[in-house]
Amino acid sequence: REAAEEIKANLIEKGIDNNKILNINQLRDLFDIRLSTIRLLAYEIKSKKVEGSIAELGVYKGYIARELNLLFKERRLYLFDTFEGFDKRDIEHEKELGKGKFTSRNFSDTNIEKVKDILVYPEKVIFCKGYFPDTAENINDKFAFVSLDPDLYLPTLNGLRFFYPRLNKGGSILIHDYNSAQFPNVKKAVREFSKEADIKIVPLSDFHGSAVIF
């Protein structure tokens, strides 16, 4: 980051207009298929007046949560995460499936305050800290859009089993890592649920192979 700022300062010093200098992060956001899909789905949900709250399972540092908070600023946004890394119960299940390389330290460098700091409308957000689906036990809401990004088999399956029956007509669930080599059991969970619920999966061509279900 410091090197990038130094290069930018040198370019400005040489007379190049600041507005013509693009940061690589700006390009990433511009061509990020996952983000573009979220924005398109948000437009569809709004234009069709699909009612319901918004949720994300697997928040980490809140980058997607921030986008959802912006796109659906008038709606309640539920954020489900341990905010402390993977839960040991989910890791043990991965080991049973033959994928035991994960630890509770993975994605542990976050907390609620860090996420809250980047939100534009934090007053619309409900933080559900802890083990899912225990943290959803008293939630009786219906949903218009859900971002599912828990990375592992068990929370992915539990997320689909919880959210899909509560998805309003016209709503959608975006699942991250469906075609990810790093988290192969996400696909296993999604395919298992698709057979249970008799639903179609629409794969996307983003870097981590997301998928959408309606």
# chains A, B, ... in the order shown; residues from 1 in each chain; ligands from 1

call {"tool": "residues_around", "arguments": {"residues": "stretch 178-183 of chain A", "least_positions_apart": "6", "cutoff": "9 Å", "atoms": "only C-alpha atoms", "output": "PyMOL selection string"}}
result
chain A and resi 99+151-153+190+203-204+207-211

call {"tool": "residues_around", "arguments": {"residues": "A:Phe127", "least_positions_apart": "5", "cutoff": "9 Å", "atoms": "only C-alpha atoms", "output": "ChimeraX atom specification"}}
result
/A:77-81,112

call {"tool": "write_last_selection", "arguments": {"atoms": "N, CA and C atoms", "output": "compact mmCIF listing (two decimals), in the first residue's frame"}}
result
# COMPACT_ATOMS: atom_id res chain seq x y z
N LEU A 77 -30.51 -5.72 8.39
CA LEU A 77 -29.43 -6.59 7.93
C LEU A 77 -28.91 -7.41 9.11
N TYR A 78 -29.07 -8.73 9.01
CA TYR A 78 -28.56 -9.64 10.03
C TYR A 78 -27.16 -10.12 9.63
N LEU A 79 -26.22 -10.04 10.55
CA LEU A 79 -24.86 -10.50 10.29
C LEU A 79 -24.51 -11.63 11.27
N PHE A 80 -24.36 -12.83 10.71
CA PHE A 80 -24.08 -14.02 11.51
C PHE A 80 -22.61 -14.42 11.37
N ASP A 81 -21.92 -14.51 12.49
CA ASP A 81 -20.52 -14.94 12.47
C ASP A 81 -20.07 -15.18 13.91
N ILE A 112 -16.59 -7.51 15.99
CA ILE A 112 -17.78 -6.73 15.65
C ILE A 112 -17.45 -5.26 15.46

call {"tool": "closest_atom_pairs", "arguments": {"of": "stretch 25-74 of chain A", "to": "stretch 166-175 of chain A", "cutoff": "8 Å", "atoms": "only C-alpha atoms", "output": "tab-separated table"}}
result
residue	atom	partner	partner_atom	distance
A:Ile38	CA	A:Leu174	CA	7.8
A:Leu41	CA	A:Ser172	CA	7.6
A:Ile45	CA	A:Gly171	CA	6.6
A:Lys48	CA	A:Gly170	CA	7.6
A:Val50	CA	A:Gly170	CA	6.0
A:Glu51	CA	A:Asn168	CA	6.9
A:Gly52	CA	A:Asn168	CA	6.7

call {"tool": "write_last_selection", "arguments": {"atoms": "N, CA and C atoms", "output": "compact mmCIF listing (two decimals), in the first residue's frame"}}
result
# COMPACT_ATOMS: atom_id res chain seq x y z
N ILE A 38 -24.30 -9.21 -6.90
CA ILE A 38 -25.05 -8.71 -5.75
C ILE A 38 -25.81 -7.45 -6.12
N LEU A 41 -28.75 -8.37 -8.42
CA LEU A 41 -29.81 -9.03 -7.65
C LEU A 41 -30.54 -8.03 -6.76
N ILE A 45 -34.52 -7.28 -6.88
CA ILE A 45 -35.33 -7.37 -5.66
C ILE A 45 -36.10 -6.08 -5.42
N LYS A 48 -38.82 -5.48 -8.26
CA LYS A 48 -39.96 -6.39 -8.13
C LYS A 48 -40.65 -6.28 -6.77
N VAL A 50 -39.72 -7.11 -3.81
CA VAL A 50 -39.65 -8.31 -2.96
C VAL A 50 -39.42 -7.86 -1.52
N GLU A 51 -40.29 -8.26 -0.64
CA GLU A 51 -40.17 -7.87 0.75
C GLU A 51 -39.21 -8.78 1.51
N GLY A 52 -38.78 -8.32 2.67
CA GLY A 52 -37.93 -9.15 3.50
C GLY A 52 -36.64 -8.50 3.93

call {"tool": "residues_around", "arguments": {"residues": "A:Thr103", "least_positions_apart": "5", "cutoff": "8 Å", "atoms": "only C-alpha atoms", "output": "PyMOL selection string"}}
result
chain A and resi 86+88+91

call {"tool": "select_by_dssp", "arguments": {"residues": "stretch 8-174 of chain A", "states": "alpha helix (DSSP H)", "output": "compact mmCIF listing (two decimals) with N, CA and C atoms, in the first residue's frame"}}
result
# COMPACT_ATOMS: atom_id res chain seq x y z
N LYS A 8 1.80 6.85 -6.76
CA LYS A 8 0.75 7.82 -7.07
C LYS A 8 1.26 9.25 -6.86
N ALA A 9 1.98 9.48 -5.76
CA ALA A 9 2.52 10.81 -5.47
C ALA A 9 3.50 11.25 -6.56
N ASN A 10 4.33 10.32 -7.04
CA ASN A 10 5.29 10.63 -8.11
C ASN A 10 4.58 10.99 -9.41
N LEU A 11 3.49 10.28 -9.71
CA LEU A 11 2.74 10.57 -10.93
C LEU A 11 2.08 11.94 -10.86
N ILE A 12 1.53 12.28 -9.70
CA ILE A 12 0.91 13.59 -9.52
C ILE A 12 1.96 14.69 -9.63
N GLU A 13 3.14 14.43 -9.07
CA GLU A 13 4.24 15.39 -9.12
C GLU A 13 4.67 15.66 -10.56
N ILE A 24 -5.66 -0.22 -7.87
CA ILE A 24 -5.99 -1.59 -8.26
C ILE A 24 -7.25 -2.09 -7.57
N ASN A 25 -7.50 -1.59 -6.33
CA ASN A 25 -8.72 -2.00 -5.62
C ASN A 25 -9.97 -1.48 -6.31
N GLN A 26 -9.86 -0.29 -6.95
CA GLN A 26 -10.98 0.24 -7.70
C GLN A 26 -11.29 -0.65 -8.91
N LEU A 27 -10.24 -1.12 -9.56
CA LEU A 27 -10.42 -2.01 -10.71
C LEU A 27 -11.03 -3.34 -10.27
N ARG A 28 -10.57 -3.83 -9.11
CA ARG A 28 -11.10 -5.10 -8.60
C ARG A 28 -12.59 -4.99 -8.35
N ASP A 29 -13.01 -3.88 -7.73
CA ASP A 29 -14.44 -3.68 -7.47
C ASP A 29 -15.22 -3.54 -8.76
N LEU A 30 -14.59 -2.90 -9.75
CA LEU A 30 -15.26 -2.66 -11.02
C LEU A 30 -15.53 -3.96 -11.76
N PHE A 31 -14.59 -4.91 -11.68
CA PHE A 31 -14.72 -6.15 -12.44
C PHE A 31 -15.03 -7.37 -11.56
N ILE A 33 -17.07 -10.01 -10.25
CA ILE A 33 -18.33 -10.62 -10.69
C ILE A 33 -19.27 -10.82 -9.51
N ARG A 34 -18.71 -11.21 -8.38
CA ARG A 34 -19.56 -11.42 -7.21
C ARG A 34 -20.26 -10.13 -6.79
N LEU A 35 -19.51 -9.03 -6.70
CA LEU A 35 -20.10 -7.75 -6.34
C LEU A 35 -21.12 -7.30 -7.38
N SER A 36 -20.77 -7.47 -8.65
CA SER A 36 -21.69 -7.08 -9.73
C SER A 36 -22.99 -7.88 -9.64
N THR A 37 -22.87 -9.16 -9.31
CA THR A 37 -24.05 -10.00 -9.18
C THR A 37 -24.92 -9.54 -8.02
N ILE A 38 -24.30 -9.21 -6.90
CA ILE A 38 -25.05 -8.71 -5.75
C ILE A 38 -25.81 -7.45 -6.12
N ARG A 39 -25.16 -6.55 -6.85
CA ARG A 39 -25.82 -5.30 -7.24
C ARG A 39 -26.98 -5.54 -8.19
N LEU A 40 -26.80 -6.47 -9.13
CA LEU A 40 -27.88 -6.81 -10.06
C LEU A 40 -29.05 -7.46 -9.33
N LEU A 41 -28.75 -8.37 -8.42
CA LEU A 41 -29.81 -9.03 -7.65
C LEU A 41 -30.54 -8.03 -6.76
N ALA A 42 -29.80 -7.08 -6.21
CA ALA A 42 -30.43 -6.04 -5.39
C ALA A 42 -31.39 -5.20 -6.24
N TYR A 43 -30.96 -4.88 -7.45
CA TYR A 43 -31.83 -4.12 -8.36
C TYR A 43 -33.11 -4.90 -8.67
N GLU A 44 -32.96 -6.20 -8.95
CA GLU A 44 -34.13 -7.05 -9.24
C GLU A 44 -35.08 -7.10 -8.05
N ILE A 45 -34.52 -7.28 -6.88
CA ILE A 45 -35.33 -7.37 -5.66
C ILE A 45 -36.10 -6.08 -5.42
N LYS A 46 -35.44 -4.96 -5.63
CA LYS A 46 -36.10 -3.67 -5.43
C LYS A 46 -37.15 -3.41 -6.50
N SER A 47 -36.80 -3.68 -7.75
CA SER A 47 -37.73 -3.39 -8.86
C SER A 47 -38.97 -4.27 -8.80
N TYR A 63 -16.68 -6.73 4.35
CA TYR A 63 -16.65 -6.04 3.06
C TYR A 63 -17.95 -6.24 2.27
N ILE A 64 -18.47 -7.46 2.26
CA ILE A 64 -19.74 -7.70 1.58
C ILE A 64 -20.89 -7.14 2.41
N ALA A 65 -20.77 -7.23 3.72
CA ALA A 65 -21.80 -6.66 4.61
C ALA A 65 -21.96 -5.16 4.36
N ARG A 66 -20.85 -4.48 4.14
CA ARG A 66 -20.90 -3.04 3.86
C ARG A 66 -21.67 -2.78 2.57
N GLU A 67 -21.41 -3.59 1.55
CA GLU A 67 -22.11 -3.43 0.28
C GLU A 67 -23.61 -3.68 0.46
N LEU A 68 -23.96 -4.71 1.21
CA LEU A 68 -25.37 -5.01 1.45
C LEU A 68 -26.04 -3.89 2.24
N ASN A 69 -25.33 -3.34 3.20
CA ASN A 69 -25.83 -2.24 4.00
C ASN A 69 -26.10 -1.00 3.15
N LEU A 70 -25.26 -0.79 2.15
CA LEU A 70 -25.45 0.33 1.22
C LEU A 70 -26.60 0.09 0.25
N LEU A 71 -26.64 -1.11 -0.32
CA LEU A 71 -27.65 -1.43 -1.33
C LEU A 71 -29.05 -1.52 -0.74
N LYS A 88 -14.76 -24.92 16.32
CA LYS A 88 -14.11 -26.23 16.37
C LYS A 88 -15.04 -27.36 15.94
N ARG A 89 -16.35 -27.20 16.19
CA ARG A 89 -17.30 -28.24 15.79
C ARG A 89 -17.35 -28.39 14.27
N ASP A 90 -17.29 -27.26 13.58
CA ASP A 90 -17.31 -27.30 12.11
C ASP A 90 -16.00 -27.85 11.55
N ILE A 91 -14.90 -27.52 12.23
CA ILE A 91 -13.59 -28.04 11.81
C ILE A 91 -13.54 -29.55 11.96
N GLU A 92 -14.07 -30.06 13.06
CA GLU A 92 -14.10 -31.51 13.28
C GLU A 92 -14.90 -32.21 12.20
N HIS A 93 -15.98 -31.58 11.77
CA HIS A 93 -16.79 -32.18 10.70
C HIS A 93 -16.02 -32.21 9.38
N GLU A 94 -15.23 -31.18 9.12
CA GLU A 94 -14.39 -31.16 7.92
C GLU A 94 -13.39 -32.32 7.95
N LYS A 95 -12.84 -32.58 9.13
CA LYS A 95 -11.89 -33.69 9.28
C LYS A 95 -12.56 -35.02 8.96
N GLU A 96 -13.81 -35.16 9.39
CA GLU A 96 -14.57 -36.39 9.12
C GLU A 96 -14.80 -36.57 7.62
N ILE A 112 -16.59 -7.51 15.99
CA ILE A 112 -17.78 -6.73 15.65
C ILE A 112 -17.45 -5.26 15.46
N GLU A 113 -16.61 -4.71 16.32
CA GLU A 113 -16.28 -3.28 16.23
C GLU A 113 -15.62 -2.94 14.90
N LYS A 114 -14.73 -3.81 14.43
CA LYS A 114 -14.07 -3.56 13.14
C LYS A 114 -15.08 -3.54 12.00
N VAL A 115 -16.03 -4.45 12.06
CA VAL A 115 -17.07 -4.50 11.02
C VAL A 115 -17.96 -3.27 11.13
N LYS A 116 -18.36 -2.94 12.33
CA LYS A 116 -19.25 -1.80 12.55
C LYS A 116 -18.63 -0.50 12.04
N ASP A 117 -17.32 -0.39 12.17
CA ASP A 117 -16.61 0.83 11.76
C ASP A 117 -16.71 1.11 10.27
N ILE A 118 -16.90 0.07 9.44
CA ILE A 118 -16.95 0.30 7.99
C ILE A 118 -18.38 0.35 7.44
N TYR A 153 -18.52 -27.10 5.28
CA TYR A 153 -19.69 -27.92 4.95
C TYR A 153 -20.89 -27.70 5.87
N LEU A 154 -20.68 -27.88 7.17
CA LEU A 154 -21.80 -27.88 8.11
C LEU A 154 -22.52 -26.54 8.19
N PRO A 155 -21.82 -25.41 8.34
CA PRO A 155 -22.54 -24.13 8.38
C PRO A 155 -23.19 -23.78 7.04
N THR A 156 -22.60 -24.25 5.93
CA THR A 156 -23.23 -24.02 4.62
C THR A 156 -24.56 -24.77 4.54
N LEU A 157 -24.55 -26.03 4.92
CA LEU A 157 -25.78 -26.83 4.89
C LEU A 157 -26.82 -26.27 5.86
N ASN A 158 -26.39 -25.95 7.07
CA ASN A 158 -27.32 -25.38 8.05
C ASN A 158 -27.86 -24.03 7.61
N GLY A 159 -27.01 -23.24 6.94
CA GLY A 159 -27.45 -21.95 6.43
C GLY A 159 -28.54 -22.10 5.39
N LEU A 160 -28.35 -23.02 4.47
CA LEU A 160 -29.36 -23.27 3.44
C LEU A 160 -30.65 -23.80 4.05
N ARG A 161 -30.53 -24.69 5.00
CA ARG A 161 -31.72 -25.26 5.65
C ARG A 161 -32.49 -24.22 6.46
N PHE A 162 -31.77 -23.24 6.98
CA PHE A 162 -32.45 -22.18 7.74
C PHE A 162 -33.05 -21.12 6.82
N PHE A 163 -32.24 -20.60 5.89
CA PHE A 163 -32.66 -19.44 5.12
C PHE A 163 -33.61 -19.76 3.96

call {"tool": "atom_distance", "arguments": {"atom1": "atom CA of A:Gly58", "atom2": "atom CA of A:Ser147"}}
result
8.1 Å

call {"tool": "atom_distance", "arguments": {"atom1": "atom CA of A:Leu119", "atom2": "atom CA of A:Phe83"}}
result
15.6 Å

call {"tool": "closest_residue", "arguments": {"among": "A:Thr110, A:Thr82, A:Asn185, A:Asn18", "to": "A:Gly130", "atoms": "only C-alpha atoms"}}
result
A:Thr82

call {"tool": "select_by_dssp", "arguments": {"residues": "stretch 22-116 of chain A", "states": "strand (DSSP E)", "output": "number ranges by chain"}}
result
A: 53-57, 77-81

call {"tool": "closest_residue", "arguments": {"among": "A:Ile16, A:Ser108, A:Pro165, A:Asp149", "to": "A:Val186", "atoms": "only C-alpha atoms"}}
result
A:Asp149

call {"tool": "closest_residue", "arguments": {"among": "A:Val202, A:Ala189, A:Val120, A:Ala136", "to": "A:Phe214", "atoms": "only C-alpha atoms"}}
result
A:Val202

call {"tool": "decode", "arguments": {"residues": "stretch 98-112 of chain A", "atoms": "N, CA and C atoms", "output": "tab-separated table (two decimals), in the first residue's frame"}}
result
chain	number	residue	atom	x	y	z
A	98	GLY	N	-12.64	-35.63	5.49
A	98	GLY	CA	-11.32	-35.77	4.86
A	98	GLY	C	-10.65	-34.47	4.53
A	99	LYS	N	-11.13	-33.36	5.12
A	99	LYS	CA	-10.54	-32.05	4.88
A	99	LYS	C	-10.22	-31.42	6.23
A	100	GLY	N	-9.05	-31.71	6.77
A	100	GLY	CA	-8.74	-31.28	8.12
A	100	GLY	C	-7.66	-30.23	8.24
A	101	LYS	N	-7.47	-29.39	7.25
A	101	LYS	CA	-6.38	-28.41	7.26
A	101	LYS	C	-6.77	-27.09	7.91
A	102	PHE	N	-8.01	-26.97	8.34
A	102	PHE	CA	-8.47	-25.70	8.90
A	102	PHE	C	-8.27	-25.67	10.42
A	103	THR	N	-8.10	-24.45	10.95
A	103	THR	CA	-7.98	-24.28	12.40
A	103	THR	C	-8.87	-23.12	12.83
A	104	SER	N	-9.07	-23.01	14.13
A	104	SER	CA	-9.91	-21.92	14.66
A	104	SER	C	-9.24	-20.56	14.48
A	105	ARG	N	-7.97	-20.56	14.11
A	105	ARG	CA	-7.27	-19.29	13.86
A	105	ARG	C	-7.62	-18.70	12.50
A	106	ASN	N	-8.11	-19.54	11.58
A	106	ASN	CA	-8.48	-19.04	10.25
A	106	ASN	C	-9.58	-17.98	10.37
A	107	PHE	N	-9.37	-16.84	9.75
A	107	PHE	CA	-10.35	-15.74	9.73
A	107	PHE	C	-10.69	-15.22	11.13
A	108	SER	N	-9.74	-15.33	12.05
A	108	SER	CA	-9.99	-14.88	13.43
A	108	SER	C	-9.59	-13.42	13.66
A	109	ASP	N	-8.95	-12.80	12.66
A	109	ASP	CA	-8.47	-11.43	12.82
A	109	ASP	C	-9.58	-10.41	12.52
A	110	THR	N	-10.66	-10.52	13.25
A	110	THR	CA	-11.79	-9.61	13.07
A	110	THR	C	-12.56	-9.52	14.38
A	111	ASN	N	-13.48	-8.58	14.45
A	111	ASN	CA	-14.42	-8.48	15.58
A	111	ASN	C	-15.57	-7.58	15.16
A	112	ILE	N	-16.59	-7.51	15.99
A	112	ILE	CA	-17.78	-6.73	15.65
A	112	ILE	C	-17.45	-5.26	15.46
